[in-house]
Every structure is written in structure tokens, then in C-alpha cells.
Amino acid sequence: MKITANIITLNEEKNIEKVIKSVQKVCDEVLVIDSLSSDKTCEIAESLGAKVVLQKYLGDGGQKAFGAPLAKYDWILSIDADERLDINAVEEIKKLDLDSTKYDAFSFARKTYIGEAFIKLWYPDRVTRLYDRRKCQYTTEGGHAKVDTGNVKDLDADMLHYSYADYSEMIKVSYKFITRGARISYESGKRVSSFDPFLHGVGALFKALILKGGAFHGINGWNVAVVSAFSSYMKYALILEMQSGE
């Protein structure tokens with residue numbers, strides 16, 4: 001069984017060593033597609049035996065799709081710099097017979113942390129990350145990259161996601177995703193009414209607190225629910241603003 005790890009990076013010197021050492025437990029090659037970092041990301045990656053390729057950022061899906069043809073092996077493990085394989089994921093991957101499997105890809109349950117706090121509200125957040133490039137690939141359109149196949153096996157395995165150092169960082173990053181999401185929706189032809197920001201904001205809050213049980217997950221559940229509601233509200237508010245300038 002041979003697997004290439006595909007990691008996309010931009011100024012990830014604080015994360016790159018940990019993610020490379022994580023995937024080296026199951027991968028025979030580590031490929032880093034770097035978006036022209038200005039820190040020591042590439043230097044650290046190469047010192048750990050990774051192959052580094054420089055490529056101006058093509059978007060999340062585009063960057064990951066760019067790396068697949070450059071891999072030495074057909075099975076690709078796509079992982080972000082702020083992610084790690086849990087020990088149960090390492091064990092599950094080692095059990096796989098990729099030479100004879102009937103599946104095109106395998107998914108992991110992602111456990112997201114803000115600082116040291118595990119955000120139960122976002123678990124399991126299934127992500128398809130181990131795939132056969134001969135049968136499927138990453139999509140390069142839209143705001144959320146994904147492996148384009150329906151023939152996926154869900155593994156009983158976790159991928160750890162250290163997404164934000166604290167809530168301050170989460171709020172800052174949210175602005176970027178709100179703006180990008182609104183622009184993509186607007187440019188794809190989506191139009192909204194003046195009621196949509198309110199309806200989607202309240203809907204997101206209800207879903208997070210009640211349907212997903214965030215109200216019972218302590219202060220972290222409430223914090224995440226409120227930020228999610230704000231993000232949903234502002235996305236539609238920005239689309240509405242774009243419409244007014246037509």
C-alpha cells in the first residue's frame with residue numbers, strides 16, 4: 001500500500017512539522033504545495049523529507065487538485081496544515097487494502113478545536129480526504145473544495161482540526177469566508193429579499209442551539225452558535241448590498 005500525502009500551505013511554519021510527522025506514519029511520500037510562503041514553511045518541510053512545489057494560490061479546491069498529478073502514488077491523503085491524524089485514523093488506514101478496495105475514497109470524522117476546546121457542536125463533520133486519483137478528484141469550483149465522488153466509505157476514524165487559536169482569530173477568519181461566500185453566491189446568480197438576512201441568521205442560530213444541541217454544550221456551544229448565526233446573517237446582507245448596486 002502506497003500513499004502520497006498532499007498538503008497545501010501558506011506561511012504554516014508553526015504547523016508544518018506536526019502535520020508532516022502525523023502523515024508520515026501512514027504515507028510513503030509527502031507532497032507540499034506551497035502558495036509562495038514568506039516564512040520558513042518550505043525550509044522546514046524539505047528538512048523533514050517532503051517534496052515542495054511552489055504554486056500561486058488557485059483556491060482551496062484548485063490548489064489541492066493541482067498537487068494530485070504530481071504525486072508519486074495514486075492514493076492521495078489530502079490534509080491541511082492545521083490538521084492531524086488521530087491515532088485511530090492511523091490504525092484504520094493501516095488496515096485498508098487499497099489495492100483491492102471497491103471504494104473510490106474514504107472519509108474521516110473531523111474533530112475541530114478552538115484553542116484547547118473541542119467543539120462538540122461541529123462533530124463529526126465528515127470530510128473525504130483519502131482518495132484514488134484515477135477515479136476521482138477535487139472539485140475546483142465554488143467556495144468549498146471536496147472530492148467529487150459518491151463511492152465513499154466512512155471510516156471509524158478522526159482527523160484532528162486545530163482551526164483557530166482563540167475566538168478572536170475565529171471572528172477574523174469568519175469575515176473572509178462571509179465575504180467570499182457572498183461574492184460566489186452573487187456571481188452565480190443568487191438573489192435575495194430584504195427578509196433573507198434575518199431568516200437565515202435566526203435559522204442558523206436555531207439549528208446550532210436546538211437541532212444540534214449546542215445549547216447544552218456549555219459556553220463553547222453558545223459562542224459557536226452565535227458566530228455561525230452572525231456569519232449567515234451577514235452573508236445574505238452582503239448579497240443584498242451587492243444587488244442594490246446593480
# chains A, B, ... in the order shown; residues from 1 in each chain; ligands from 1
$ select_by_dssp --residues "stretch 16-238 of chain A" --states "strand (DSSP E)" --output "PyMOL selection string"
chain A and resi 29-34+51-54+75-78+83-85+105-114+117-118+126-132+152-164
$ select_by_dssp --residues "stretch 119-231 of chain A" --states "alpha helix (DSSP H)" --output "PyMOL selection string"
chain A and resi 167-187+196-206+218-231
$ residues_around --residues "A:Cys42" --least-positions-apart "3" --cutoff "7 Å" --atoms "only C-alpha atoms" --output "ChimeraX atom specification"
/A:45-46,52
$ residues_around --residues "A:Ile20" --least-positions-apart "5" --cutoff "10 Å" --atoms "only C-alpha atoms" --output "JSON, numbers by chain"
{"A": [5, 6, 7, 15, 25, 27, 29, 30, 31, 32, 44, 45, 48, 49, 50, 79, 81, 83, 84]}
